[in-house]
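Dumped query-v2.txt below, it's compact mmCIF, C-alpha atoms and all ligand atoms:
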```txt
# COMPACT_ATOMS: atom_id res chain seq x y z
CA MET A 17 -38.29 -15.09 -36.04
CA GLU A 18 -35.76 -17.90 -35.64
CA PRO A 19 -36.62 -20.48 -32.99
CA VAL A 20 -35.05 -19.89 -29.60
CA LEU A 21 -35.12 -23.50 -28.40
CA ARG A 22 -32.49 -25.65 -30.14
CA VAL A 23 -33.15 -29.37 -29.77
CA GLU A 24 -31.77 -30.74 -33.05
CA THR A 25 -29.54 -33.20 -31.23
CA LEU A 26 -32.54 -34.92 -29.66
CA GLN A 27 -33.59 -37.24 -32.45
CA LYS A 28 -36.33 -39.21 -30.71
CA PRO A 29 -39.61 -37.72 -29.40
CA VAL A 30 -39.52 -36.74 -25.71
CA LYS A 31 -43.06 -37.64 -24.75
CA ILE A 32 -44.30 -36.05 -21.54
CA ALA A 33 -45.97 -38.65 -19.30
CA SER A 34 -46.70 -36.40 -16.33
CA MET A 35 -46.31 -32.85 -15.11
CA GLU A 36 -46.79 -32.51 -11.34
CA LEU A 37 -46.88 -29.59 -8.97
CA LEU A 38 -45.16 -30.23 -5.63
CA ARG A 39 -45.11 -28.05 -2.57
CA ASN A 40 -42.68 -27.88 0.32
CA ARG A 41 -43.86 -25.21 2.76
CA ARG A 42 -43.58 -21.87 0.96
CA ASN A 43 -41.92 -23.28 -2.13
CA PHE A 44 -43.16 -25.09 -5.21
CA LEU A 45 -41.48 -27.46 -7.64
CA VAL A 46 -42.69 -28.70 -11.00
CA ARG A 47 -41.64 -32.23 -11.92
CA VAL A 48 -42.00 -33.44 -15.47
CA ARG A 49 -41.44 -37.08 -16.41
CA THR A 50 -41.30 -38.99 -19.68
CA ASP A 51 -42.53 -42.50 -20.44
CA ASP A 52 -39.00 -43.86 -20.26
CA GLY A 53 -38.21 -42.35 -16.87
CA ALA A 54 -36.36 -39.15 -17.72
CA GLU A 55 -37.11 -36.28 -15.37
CA GLY A 56 -36.83 -32.51 -15.18
CA ILE A 57 -37.46 -30.24 -12.23
CA GLY A 58 -38.25 -26.55 -12.32
CA VAL A 59 -38.54 -24.05 -9.50
CA PRO A 60 -41.44 -21.69 -10.17
CA ASN A 61 -42.25 -18.30 -8.69
CA ALA A 62 -43.82 -19.30 -5.37
CA MET A 63 -44.84 -15.76 -4.44
CA HIS A 64 -47.46 -15.68 -7.20
CA LEU A 65 -48.07 -19.37 -7.89
CA VAL A 66 -49.51 -19.69 -4.39
CA HIS A 67 -52.44 -17.64 -5.70
CA THR A 68 -52.57 -18.82 -9.32
CA TYR A 69 -51.78 -22.55 -9.06
CA PRO A 70 -55.31 -23.67 -10.13
CA ILE A 71 -54.53 -22.19 -13.55
CA PHE A 72 -51.38 -24.30 -13.67
CA LEU A 73 -53.20 -27.45 -12.59
CA ASN A 74 -56.34 -27.02 -14.70
CA ARG A 75 -55.17 -25.16 -17.77
CA VAL A 76 -51.43 -25.59 -18.28
CA ALA A 77 -50.06 -28.91 -16.97
CA PRO A 78 -52.73 -31.18 -18.57
CA PHE A 79 -52.12 -29.57 -21.96
CA PHE A 80 -48.52 -30.84 -22.02
CA VAL A 81 -49.23 -34.45 -21.06
CA GLY A 82 -48.74 -36.63 -24.13
CA LYS A 83 -46.95 -33.85 -26.05
CA ASP A 84 -43.38 -33.96 -27.37
CA ALA A 85 -41.29 -31.70 -25.13
CA ARG A 86 -39.03 -30.83 -28.07
CA GLN A 87 -42.00 -28.93 -29.53
CA PHE A 88 -42.34 -26.68 -26.49
CA GLU A 89 -41.72 -23.48 -28.40
CA PRO A 90 -44.39 -23.94 -31.13
CA LEU A 91 -46.71 -25.40 -28.48
CA LEU A 92 -46.66 -22.08 -26.61
CA TRP A 93 -49.05 -20.63 -29.19
CA GLU A 94 -51.31 -23.70 -29.05
CA LEU A 95 -51.38 -23.49 -25.27
CA TYR A 96 -52.30 -19.82 -25.47
CA ARG A 97 -55.30 -20.66 -27.72
CA HIS A 98 -56.23 -23.85 -25.87
CA ASN A 99 -59.44 -23.55 -23.85
CA ASP A 100 -59.41 -19.76 -24.33
CA ASN A 101 -56.32 -19.49 -22.14
CA TYR A 102 -55.53 -16.13 -23.75
CA LYS A 103 -58.44 -14.63 -21.80
CA TYR A 104 -56.36 -15.19 -18.67
CA GLN A 105 -53.29 -13.58 -20.16
CA GLY A 106 -51.26 -11.63 -17.63
CA LEU A 107 -49.04 -12.63 -14.75
CA ALA A 108 -51.65 -15.15 -13.52
CA PHE A 109 -51.36 -17.21 -16.71
CA TRP A 110 -47.74 -16.67 -17.69
CA VAL A 111 -46.30 -17.49 -14.25
CA CYS A 112 -47.92 -20.91 -14.70
CA VAL A 113 -46.49 -21.30 -18.21
CA ALA A 114 -43.03 -20.37 -16.91
CA ALA A 115 -43.45 -23.02 -14.20
CA ALA A 116 -44.02 -25.64 -16.90
CA GLU A 117 -41.25 -24.30 -19.14
CA PHE A 118 -38.55 -24.39 -16.47
CA ALA A 119 -39.21 -28.10 -15.78
CA VAL A 120 -39.27 -28.88 -19.50
CA LEU A 121 -36.00 -27.01 -20.12
CA ASP A 122 -34.39 -28.93 -17.28
CA LEU A 123 -35.63 -32.21 -18.80
CA LEU A 124 -34.46 -31.34 -22.33
CA GLY A 125 -31.12 -30.08 -21.06
CA LYS A 126 -30.46 -33.27 -19.13
CA LEU A 127 -31.39 -35.42 -22.13
CA ALA A 128 -29.26 -33.37 -24.52
CA GLY A 129 -26.36 -32.93 -22.07
CA LYS A 130 -26.69 -29.17 -22.40
CA SER A 131 -27.20 -26.34 -19.96
CA VAL A 132 -30.24 -24.11 -20.28
CA GLY A 133 -28.20 -21.42 -22.05
CA GLU A 134 -26.81 -23.93 -24.55
CA LEU A 135 -30.35 -25.09 -25.34
CA LEU A 136 -31.39 -21.51 -25.94
CA GLY A 137 -28.91 -20.52 -28.59
CA GLY A 138 -25.58 -20.74 -26.79
CA VAL A 139 -23.77 -19.46 -23.73
CA LEU A 140 -21.90 -16.23 -24.38
CA ARG A 141 -20.57 -15.65 -20.86
CA ARG A 142 -20.39 -17.63 -17.64
CA GLU A 143 -19.35 -14.90 -15.24
CA ILE A 144 -22.20 -12.53 -14.53
CA ALA A 145 -21.46 -9.26 -12.74
CA VAL A 146 -24.36 -8.52 -10.44
CA TYR A 147 -26.04 -5.60 -8.81
CA ARG A 148 -27.69 -5.75 -5.41
CA ALA A 149 -31.12 -4.21 -5.04
CA SER A 150 -32.83 -2.73 -2.03
CA GLY A 151 -36.57 -3.19 -1.67
CA ASN A 152 -36.94 -0.48 0.97
CA ARG A 153 -39.17 2.56 1.00
CA GLY A 154 -40.24 4.79 3.83
CA ASN A 155 -36.92 4.72 5.71
CA THR A 156 -34.78 7.84 5.92
CA PRO A 157 -32.12 8.50 3.26
CA GLU A 158 -29.41 7.94 5.91
CA GLU A 159 -30.91 4.59 6.95
CA GLU A 160 -31.16 3.52 3.33
CA VAL A 161 -27.52 4.38 2.63
CA ALA A 162 -26.48 2.29 5.66
CA TYR A 163 -28.54 -0.64 4.35
CA LEU A 164 -27.10 -0.30 0.83
CA LYS A 165 -23.58 -0.35 2.29
CA GLN A 166 -24.38 -3.59 4.06
CA ILE A 167 -25.74 -5.45 0.99
CA VAL A 168 -22.92 -4.18 -1.18
CA ALA A 169 -20.29 -5.20 1.40
CA GLU A 170 -21.58 -8.77 1.71
CA SER A 171 -21.46 -9.31 -2.08
CA GLY A 172 -18.65 -7.09 -3.36
CA ALA A 173 -21.15 -5.85 -5.98
CA LYS A 174 -19.98 -2.94 -8.10
CA ALA A 175 -23.52 -1.82 -8.82
CA LEU A 176 -26.70 -1.29 -6.84
CA LYS A 177 -30.31 -0.33 -7.24
CA PHE A 178 -32.65 1.34 -4.82
CA ARG A 179 -36.21 2.62 -4.78
CA LEU A 180 -37.48 6.09 -5.52
CA GLY A 181 -40.91 7.63 -5.04
CA GLY A 182 -43.87 5.93 -3.40
CA ARG A 183 -44.81 3.03 -5.78
CA MET A 184 -47.86 3.73 -8.00
CA SER A 185 -48.26 6.84 -5.89
CA LYS A 186 -49.22 9.69 -8.25
CA ASN A 187 -46.10 11.70 -7.37
CA ALA A 188 -46.24 11.20 -3.58
CA ASP A 189 -42.95 10.12 -1.99
CA SER A 190 -42.74 7.35 0.61
CA LEU A 191 -41.35 9.96 3.00
CA PRO A 192 -41.48 13.66 2.09
CA GLY A 193 -38.27 14.73 0.31
CA ARG A 194 -36.67 11.24 0.54
CA THR A 195 -36.05 10.80 -3.21
CA GLU A 196 -34.46 14.22 -3.85
CA LYS A 197 -32.14 13.73 -0.90
CA LEU A 198 -31.30 10.09 -1.59
CA ILE A 199 -30.16 10.49 -5.21
CA PRO A 200 -27.14 12.72 -4.37
CA LEU A 201 -26.52 11.00 -1.02
CA VAL A 202 -26.07 7.52 -2.54
CA ARG A 203 -23.63 8.89 -5.11
CA GLU A 204 -21.62 10.66 -2.41
CA ALA A 205 -21.60 7.55 -0.22
CA PHE A 206 -20.36 5.15 -2.93
CA GLY A 207 -18.23 7.40 -5.11
CA LYS A 208 -17.82 7.76 -8.86
CA GLU A 209 -16.93 4.15 -9.62
CA MET A 210 -20.18 2.59 -8.41
CA THR A 211 -22.85 1.95 -11.04
CA LEU A 212 -26.18 3.21 -9.73
CA TYR A 213 -29.67 2.26 -10.87
CA ALA A 214 -32.96 3.38 -9.34
CA ASP A 215 -36.57 2.28 -9.66
CA SER A 216 -39.65 4.43 -9.12
CA ASN A 217 -42.16 1.56 -9.53
CA SER A 218 -44.57 3.69 -11.56
CA SER A 219 -44.58 6.63 -9.15
CA TYR A 220 -44.69 9.72 -11.39
CA ASP A 221 -46.48 11.73 -14.03
CA VAL A 222 -44.38 13.07 -16.91
CA PRO A 223 -43.20 16.42 -15.44
CA LYS A 224 -42.23 14.91 -12.09
CA ALA A 225 -40.59 11.89 -13.75
CA ILE A 226 -38.47 14.19 -15.91
CA ALA A 227 -37.44 16.33 -12.93
CA ILE A 228 -36.31 13.23 -11.00
CA GLY A 229 -34.57 11.89 -14.12
CA ARG A 230 -32.62 15.14 -14.51
CA LEU A 231 -31.38 14.79 -10.95
CA MET A 232 -30.27 11.22 -11.70
CA GLU A 233 -28.45 12.50 -14.80
CA GLU A 234 -26.69 15.15 -12.73
CA TYR A 235 -25.35 12.42 -10.43
CA GLY A 236 -24.40 9.98 -13.18
CA TYR A 237 -27.00 7.25 -12.72
CA ALA A 238 -27.02 4.45 -15.29
CA PHE A 239 -30.73 3.64 -15.64
CA TYR A 240 -34.10 4.84 -14.42
CA GLU A 241 -36.72 2.13 -13.99
CA GLU A 242 -40.50 2.50 -14.41
CA PRO A 243 -40.73 6.29 -14.09
CA CYS A 244 -44.46 6.37 -14.97
CA PRO A 245 -47.39 3.98 -14.52
CA PHE A 246 -46.09 0.85 -16.23
CA ASP A 247 -48.94 0.50 -18.72
CA HIS A 248 -48.95 4.16 -19.69
CA LEU A 249 -46.79 3.60 -22.74
CA GLU A 250 -47.17 7.17 -24.03
CA ASP A 251 -46.06 8.81 -20.78
CA THR A 252 -43.15 6.41 -20.41
CA LYS A 253 -42.05 7.19 -23.95
CA ALA A 254 -42.38 10.94 -23.35
CA VAL A 255 -40.01 10.59 -20.37
CA ALA A 256 -37.57 8.38 -22.30
CA ASP A 257 -37.58 10.90 -25.17
CA ALA A 258 -36.92 13.85 -22.86
CA LEU A 259 -34.06 12.33 -20.82
CA ARG A 260 -30.49 11.33 -21.60
CA ILE A 261 -30.45 8.67 -18.86
CA PRO A 262 -31.73 5.32 -20.21
CA VAL A 263 -35.28 4.51 -19.11
CA ALA A 264 -35.91 0.84 -18.30
CA ALA A 265 -39.25 -0.97 -18.02
CA GLY A 266 -41.11 -4.15 -18.86
CA GLU A 267 -41.42 -6.22 -15.67
CA GLN A 268 -45.22 -5.93 -15.83
CA GLU A 269 -45.53 -6.45 -19.58
CA PHE A 270 -47.07 -9.69 -20.78
CA SER A 271 -47.79 -8.97 -24.45
CA GLU A 272 -45.25 -9.75 -27.14
CA TYR A 273 -46.94 -7.25 -29.46
CA ARG A 274 -46.68 -4.48 -26.90
CA PHE A 275 -43.00 -5.24 -26.33
CA ARG A 276 -42.62 -5.08 -30.10
CA TRP A 277 -44.33 -1.67 -30.20
CA THR A 278 -42.23 -0.40 -27.32
CA ILE A 279 -39.01 -1.49 -29.02
CA ALA A 280 -39.98 -0.26 -32.49
CA ASN A 281 -41.03 3.14 -31.11
CA ARG A 282 -38.23 3.40 -28.54
CA GLY A 283 -40.81 3.67 -25.76
CA VAL A 284 -38.03 2.74 -23.33
CA ASP A 285 -34.26 2.36 -23.74
CA ILE A 286 -33.81 -0.94 -21.86
CA VAL A 287 -36.37 -3.77 -21.82
CA GLN A 288 -36.89 -5.81 -18.65
CA PRO A 289 -39.00 -8.92 -19.17
CA ASP A 290 -39.53 -10.96 -16.01
CA LEU A 291 -38.65 -14.60 -16.66
CA HIS A 292 -41.61 -15.79 -14.58
CA TYR A 293 -44.25 -13.10 -15.13
CA TYR A 294 -43.66 -13.10 -18.87
CA GLY A 295 -43.91 -16.86 -19.30
CA GLY A 296 -40.34 -18.14 -19.32
CA PHE A 297 -36.98 -18.04 -21.03
CA ILE A 298 -38.18 -18.60 -24.59
CA ARG A 299 -40.57 -15.64 -24.68
CA SER A 300 -38.12 -13.42 -22.80
CA LEU A 301 -35.33 -14.29 -25.22
CA ARG A 302 -37.56 -13.25 -28.10
CA VAL A 303 -37.86 -9.84 -26.45
CA ALA A 304 -34.09 -9.64 -25.88
CA ARG A 305 -33.46 -10.47 -29.54
CA MET A 306 -36.00 -7.91 -30.79
CA ALA A 307 -34.30 -5.31 -28.61
CA HIS A 308 -30.87 -6.35 -29.88
CA THR A 309 -32.02 -5.91 -33.48
CA ALA A 310 -33.08 -2.37 -32.56
CA GLY A 311 -29.73 -1.66 -30.84
CA MET A 312 -31.21 -1.78 -27.34
CA LEU A 313 -30.14 -3.56 -24.18
CA CYS A 314 -32.15 -6.06 -22.15
CA THR A 315 -31.96 -7.08 -18.52
CA PRO A 316 -34.15 -9.63 -16.77
CA HIS A 317 -36.39 -8.30 -14.04
CA MET A 318 -35.94 -10.53 -11.00
CA SER A 319 -38.96 -11.32 -8.93
CA GLY A 320 -38.54 -12.57 -5.38
CA SER A 321 -38.91 -16.21 -4.23
CA GLY A 322 -37.91 -19.43 -5.98
CA LEU A 323 -34.45 -19.40 -7.55
CA GLY A 324 -34.91 -16.07 -9.32
CA TYR A 325 -31.23 -15.17 -9.00
CA LEU A 326 -30.19 -18.35 -10.81
CA ASP A 327 -32.77 -17.84 -13.57
CA ALA A 328 -31.56 -14.27 -14.13
CA ALA A 329 -27.94 -15.45 -14.34
CA HIS A 330 -28.77 -18.18 -16.89
CA PHE A 331 -30.67 -15.60 -18.95
CA ALA A 332 -27.83 -13.08 -18.82
CA SER A 333 -25.43 -15.84 -19.91
CA CYS A 334 -27.12 -16.33 -23.27
CA ILE A 335 -28.58 -13.01 -24.45
CA PRO A 336 -26.55 -10.89 -26.86
CA ASN A 337 -27.33 -7.57 -25.17
CA PRO A 338 -27.29 -7.63 -21.36
CA VAL A 339 -26.73 -4.47 -19.33
CA PRO A 340 -23.36 -4.57 -17.51
CA PHE A 341 -24.88 -5.79 -14.22
CA THR A 342 -27.66 -8.30 -13.55
CA GLU A 343 -29.85 -8.30 -10.46
CA PHE A 344 -29.02 -10.70 -7.62
CA LYS A 345 -31.42 -10.77 -4.72
CA GLY A 346 -30.16 -12.54 -1.62
CA ASP A 347 -30.31 -16.23 -0.90
CA SER A 348 -33.11 -18.69 -1.35
CA ASP A 349 -34.53 -21.08 1.25
CA ILE A 350 -34.43 -23.93 -1.27
CA PRO A 351 -31.46 -26.21 -0.49
CA VAL A 352 -29.55 -26.35 -3.73
CA THR A 353 -25.98 -27.06 -4.80
CA SER A 354 -24.09 -27.12 -8.06
CA GLU A 355 -20.97 -28.93 -9.21
CA THR A 356 -20.03 -26.08 -11.49
CA SER A 357 -20.80 -22.98 -9.41
CA THR A 358 -20.84 -21.92 -5.78
CA LEU A 359 -24.13 -20.14 -6.59
CA LYS A 360 -22.81 -17.27 -4.49
CA VAL A 361 -21.70 -13.80 -5.41
CA GLU A 362 -17.94 -13.58 -5.09
CA ASN A 363 -16.25 -10.28 -5.75
CA GLY A 364 -19.39 -9.02 -7.40
CA VAL A 365 -19.66 -11.94 -9.80
CA VAL A 366 -21.80 -15.09 -9.89
CA LYS A 367 -20.76 -18.04 -12.02
CA VAL A 368 -23.50 -19.62 -14.12
CA PRO A 369 -23.68 -23.42 -13.68
CA SER A 370 -22.59 -25.29 -16.81
CA SER A 371 -23.91 -28.77 -16.07
CA PRO A 372 -26.99 -30.00 -17.96
CA GLY A 373 -30.38 -28.34 -17.47
CA PHE A 374 -30.31 -25.74 -14.74
CA GLY A 375 -27.03 -27.27 -13.55
CA ILE A 376 -28.14 -27.65 -9.95
CA THR A 377 -29.07 -30.39 -7.52
CA ILE A 378 -32.00 -29.76 -5.23
CA ASP A 379 -31.57 -31.64 -1.95
CA PRO A 380 -33.38 -34.98 -2.52
CA ALA A 381 -34.84 -34.79 1.01
CA PHE A 382 -36.46 -31.45 0.15
CA ILE A 383 -38.09 -33.06 -2.90
CA ARG A 384 -39.12 -36.17 -0.94
CA GLN A 385 -40.78 -34.04 1.72
CA ALA A 386 -42.72 -32.07 -0.86
CA VAL A 387 -46.36 -33.03 -1.32
CA LYS A 388 -48.24 -33.22 -4.57
CA VAL A 389 -50.69 -30.35 -5.07
CA THR A 390 -54.06 -31.20 -6.56
CA THR A 391 -57.28 -29.33 -7.26
CA PHE A 392 -60.73 -30.42 -6.21
MG MG A 401 -38.87 -2.72 -10.89
```
Represent the supplied structure as structure tokens.
Amino acid sequence: MEPVLRVETLQKPVKIASMELLRNRRNFLVRVRTDDGAEGIGVPNAMHLVHTYPIFLNRVAPFFVGKDARQFEPLLWELYRHNDNYKYQGLAFWVCVAAAEFAVLDLLGKLAGKSVGELLGGVLRREIAVYRASGNRGNTPEEEVAYLKQIVAESGAKALKFRLGGRMSKNADSLPGRTEKLIPLVREAFGKEMTLYADSNSSYDVPKAIAIGRLMEEYGYAFYEEPCPFDHLEDTKAVADALRIPVAAGEQEFSEYRFRWTIANRGVDIVQPDLHYYGGFIRSLRVARMAHTAGMLCTPHMSGSGLGYLDAAHFASCIPNPVPFTEFKGDSDIPVTSETSTLKVENGVVKVPSSPGFGITIDPAFIRQAVKVTTF
């Protein structure tokens, strides 16, 4: 596979002198510095790093000190082998690797004068049409429609996603009959023009998943996310095979070989690596490219916390095969500005920053007030 990270213009080694984890209340930052004073900052997934940060501090960050940041992509394999890190493989490990990667990409981008997308093969689009997603379950279909109207109105989004079923619930709904009522109700409320996605979060066995999928087909839904338990690849494929509506999944996947199997065997129709849970942009782009080769689409799963919306937009700017709408989940409590984007959804579209690295400025006071996290 061709390398994802393109750093040919950086002719001198970019030796990493330090990689620190900083914390400001609920949020984390990773700061990477070189011997000659260059700096990159990444915003990791705080929601999970708060539990897994010892892996970052003990197993990931020290590995990169003294290494050439330009070699980040080949070093991913060495890091995976290092100290038996592969035994920790899963979200707990890869969230920490993504934390390191984001800071390194910011550093390399600033040194090369390139945005993240330009470093990763080239920016194909700067305007990203977004969908808004609801995280609700257990409310009535009428309450959910009212909520969806509110989040769509504040963003002008032309697509939305909501939740079906009961989440890992062996066919039980979050409220009896909610899903069967909600699927037609949302279509009626928003009309033919709205693109609708829905996510069952691994709720169903095969027969129930197919029955719900048929209802979504009847009402013209555009994808059906995680119909069956996420690691039940055979059941998920059986549902994807049986339905016309595209089945999407992958937010829980952490194995490149399993993504490869899923793509080669059409176990889903749309792959959804999570930029944090799956270990960063480079690994996720490899999945997107595999899917593209197989004629499939890819969309980043967006986890909460950090600057997930910005990460998803950068990713969608440089993959060859995005779905028409990319997830955008509210605002972050990290004070951040950009010279090249408002970072807001306007008329259903967010503009991807084009300045070097992530193209943003985190309020210096926020960084100053952050404290260095250490292990004992
Ligand atoms: Mg999901």
Once you count only C-alpha atoms and all ligand atoms, what closest atom pair and distance in Å to one decimal does each residue of chain A within 10 Å of ligand MG 401 (chain A) have, with rows by chain and rising residue number, as CSV?
```
residue,atom,partner,partner_atom,distance
A:Ala149,CA,A:MG401,MG,9.8
A:Gly151,CA,A:MG401,MG,9.5
A:Lys177,CA,A:MG401,MG,9.6
A:Phe178,CA,A:MG401,MG,9.6
A:Arg179,CA,A:MG401,MG,8.5
A:Arg183,CA,A:MG401,MG,9.7
A:Ala214,CA,A:MG401,MG,8.6
A:Asp215,CA,A:MG401,MG,5.6
A:Ser216,CA,A:MG401,MG,7.4
A:Asn217,CA,A:MG401,MG,5.6
A:Ser218,CA,A:MG401,MG,8.6
A:Tyr240,CA,A:MG401,MG,9.6
A:Glu241,CA,A:MG401,MG,6.1
A:Glu242,CA,A:MG401,MG,6.5
A:Pro243,CA,A:MG401,MG,9.7
A:Phe246,CA,A:MG401,MG,9.7
A:Ala264,CA,A:MG401,MG,8.7
A:Ala265,CA,A:MG401,MG,7.4
A:Gly266,CA,A:MG401,MG,8.4
A:Glu267,CA,A:MG401,MG,6.4
A:Gln268,CA,A:MG401,MG,8.7
A:Gln288,CA,A:MG401,MG,8.6
A:Asp290,CA,A:MG401,MG,9.7
A:His317,CA,A:MG401,MG,6.9
A:Met318,CA,A:MG401,MG,8.3
A:Ser319,CA,A:MG401,MG,8.8
```
Exercise for review: Would you mind telling me which residue in A:Tyr147, A:Trp110, A:Pro157, A:Val76 lies nearest to A:Ala169 when using only C-alpha atoms?
Suggested key: A:Tyr147
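Counting only C-alpha atoms, the residue from A:Phe88, A:Phe206, A:Phe79, A:Tyr96 that sits nearest to A:Glu117 is A:Phe88.
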Practice item. Grab the atom CA of A:Met184 to atom CA of A:Lys253 distance for me, in Å with one decimal place. Key: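 Rounded to one decimal, the two atoms are 17.3 Å apart.
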Review point. Hey, what's within 8 Å of stretch 25-31 of chain A if we count all atoms listed in the file and toss same-chain stuff fewer than 6 positions away? As JSON, numbers by chain, please?
Key: {"A": [50, 51, 81, 82, 83, 84, 85, 86, 127, 128]}
Point to revise | Nearest candidate to A:Ser185 (options A:Pro338, A:Pro245, A:Pro316, A:Gly137; using only C-alpha atoms) | key: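 Of all the options, A:Pro245 lies closest to A:Ser185.
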With only C-alpha atoms counted and 10 Å as the cut-off, give the residues of stretch 75-166 of chain A in contact with stretch 332-336 of chain A, each with its shortest interatomic distance in Å and the pair that gives it, as JSON lines.
```
{"residue": "A:Val132", "atom": "CA", "partner": "A:Cys334", "partner_atom": "CA", "distance": 8.9}
{"residue": "A:Gly133", "atom": "CA", "partner": "A:Cys334", "partner_atom": "CA", "distance": 5.3}
{"residue": "A:Glu134", "atom": "CA", "partner": "A:Cys334", "partner_atom": "CA", "distance": 7.7}
{"residue": "A:Leu135", "atom": "CA", "partner": "A:Cys334", "partner_atom": "CA", "distance": 9.6}
{"residue": "A:Leu136", "atom": "CA", "partner": "A:Cys334", "partner_atom": "CA", "distance": 7.2}
{"residue": "A:Gly137", "atom": "CA", "partner": "A:Cys334", "partner_atom": "CA", "distance": 7.0}
{"residue": "A:Gly138", "atom": "CA", "partner": "A:Cys334", "partner_atom": "CA", "distance": 5.8}
{"residue": "A:Val139", "atom": "CA", "partner": "A:Cys334", "partner_atom": "CA", "distance": 4.6}
{"residue": "A:Leu140", "atom": "CA", "partner": "A:Cys334", "partner_atom": "CA", "distance": 5.3}
{"residue": "A:Arg141", "atom": "CA", "partner": "A:Ser333", "partner_atom": "CA", "distance": 5.0}
{"residue": "A:Arg142", "atom": "CA", "partner": "A:Ser333", "partner_atom": "CA", "distance": 5.8}
{"residue": "A:Glu143", "atom": "CA", "partner": "A:Ser333", "partner_atom": "CA", "distance": 7.7}
{"residue": "A:Ile144", "atom": "CA", "partner": "A:Ser333", "partner_atom": "CA", "distance": 7.1}
{"residue": "A:Ala145", "atom": "CA", "partner": "A:Ala332", "partner_atom": "CA", "distance": 9.6}
```
Check your understanding: Suppose you want the space between atom CA of A:Asn61 and atom CA of A:Leu73; what is it in Å?
Key ->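 So the two atoms, atom CA of A:Asn61 and atom CA of A:Leu73, lie 14.8 Å apart.
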Point to revise | atom CA of A:Met312 to atom CA of A:Ile167, distance in Å rounded to a single decimal | key: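 Interatomic distance here is 29.1 Å.
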Write out N, CA and C atoms for stretch 200-213 of chain A, as a short mmCIF file (atom, residue, chain, number, x, y, z; two decimals), in the coordinates of the input.
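And here's rebuild_27.cif as it stands now:
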```cif
data_model
loop_
_atom_site.label_atom_id
_atom_site.label_comp_id
_atom_site.auth_asym_id
_atom_site.auth_seq_id
_atom_site.Cartn_x
_atom_site.Cartn_y
_atom_site.Cartn_z
N PRO A 200 -28.53 12.27 -4.57
CA PRO A 200 -27.14 12.72 -4.37
C PRO A 200 -26.42 11.98 -3.25
N LEU A 201 -27.16 11.63 -2.19
CA LEU A 201 -26.52 11.00 -1.02
C LEU A 201 -25.90 9.64 -1.36
N VAL A 202 -26.60 8.84 -2.17
CA VAL A 202 -26.07 7.52 -2.54
C VAL A 202 -24.80 7.70 -3.38
N ARG A 203 -24.83 8.65 -4.30
CA ARG A 203 -23.63 8.89 -5.11
C ARG A 203 -22.45 9.31 -4.23
N GLU A 204 -22.70 10.21 -3.30
CA GLU A 204 -21.62 10.66 -2.41
C GLU A 204 -21.10 9.51 -1.56
N ALA A 205 -22.00 8.64 -1.10
CA ALA A 205 -21.60 7.55 -0.22
C ALA A 205 -20.76 6.50 -0.94
N PHE A 206 -21.04 6.25 -2.23
CA PHE A 206 -20.36 5.15 -2.93
C PHE A 206 -19.31 5.61 -3.94
N GLY A 207 -19.28 6.89 -4.22
CA GLY A 207 -18.23 7.40 -5.11
C GLY A 207 -18.54 7.19 -6.58
N LYS A 208 -17.62 7.72 -7.41
CA LYS A 208 -17.82 7.76 -8.86
C LYS A 208 -17.85 6.39 -9.53
N GLU A 209 -17.11 5.43 -8.94
CA GLU A 209 -16.93 4.15 -9.62
C GLU A 209 -18.16 3.25 -9.56
N MET A 210 -19.02 3.48 -8.59
CA MET A 210 -20.18 2.59 -8.41
C MET A 210 -21.23 2.87 -9.49
N THR A 211 -21.74 1.79 -10.09
CA THR A 211 -22.85 1.95 -11.04
C THR A 211 -24.15 1.99 -10.26
N LEU A 212 -24.95 3.02 -10.50
CA LEU A 212 -26.18 3.21 -9.73
C LEU A 212 -27.41 3.14 -10.64
N TYR A 213 -28.38 2.34 -10.20
CA TYR A 213 -29.67 2.26 -10.87
C TYR A 213 -30.73 2.64 -9.82
#
```
